Amino acid sequence: MAYLSTCSTGWLLSEQTYDVADMIKVQPKFYLALRANVEDLVIDDESLAYLGDIGLQASIRHAVQLLSPSSIMAKMNGRDNICKADIEEVKALYMDAKSSARLLQAQQEKYIS
């Protein structure tokens with residue numbers, strides 16, 4: 001379970017393991033729904049669960065960073081609410097840090113050292 005605390009620079013997220021339910025609940029200690037609420041984003045439960053899965057596979061930071069571009073994608077498609085298809089499309093455009101590092105490692109011979 002992840003808990004939020006405040007400091008002079010804003011919200012801090014503890015370094016604990018999360019499950020999908022922890023990441024999508026609408027309480028201040030649960031981050032994805034809170035962040036969507038703070039940004040005034042409309043997102044359904046299926047999409048929040050999908051973001052929660054992304055958070056488990058990659059990181060909660062990556063999942064949160066997909067919210068705003070997914071909202072833009074929804075608006076480009078004529079909707080105010082974010083759906084799973086918007087997140088999937090945005091996810092294909094942005095790599096998380098772990099995947100990016102793995103790709104760089106695998107293709108290191110293509111880069112100048």
# chains A, B, ... in the order shown; residues from 1 in each chain; ligands from 1
>>> residues_around(residues="Glu88 of chain A", least_positions_apart="4", cutoff="10 Å", atoms="only C-alpha atoms", output="number ranges by chain")
A: 47, 50-51, 66, 70, 83-84, 92-93
>>> residues_around(residues="Gln65 of chain A", least_positions_apart="6", cutoff="10 Å", atoms="only C-alpha atoms", output="list in words")
Arg35, Ser59, Lys91, Tyr94 and Asp96 of chain A
>>> select_by_dssp(residues="segment 26-110 of chain A", states="helix (DSSP H, G or I)", output="MDAnalysis selection string")
chainID A and resid 31:38 45:57 60:65 67:76 84:93 97:106 108:110
>>> residues_around(residues="Arg61 of chain A", least_positions_apart="2", cutoff="12 Å", atoms="only C-alpha atoms", output="list in words")
Leu12, Leu13, Glu15, Met23, Tyr31, Leu32, Arg35, Leu51, Gly52, Ile54, Gly55, Leu56, Gln57, Ala58, Ser59, Ala63, Val64, Gln65, Leu66, Leu67, Met95, Asp96, Ala97 and Lys98 of chain A
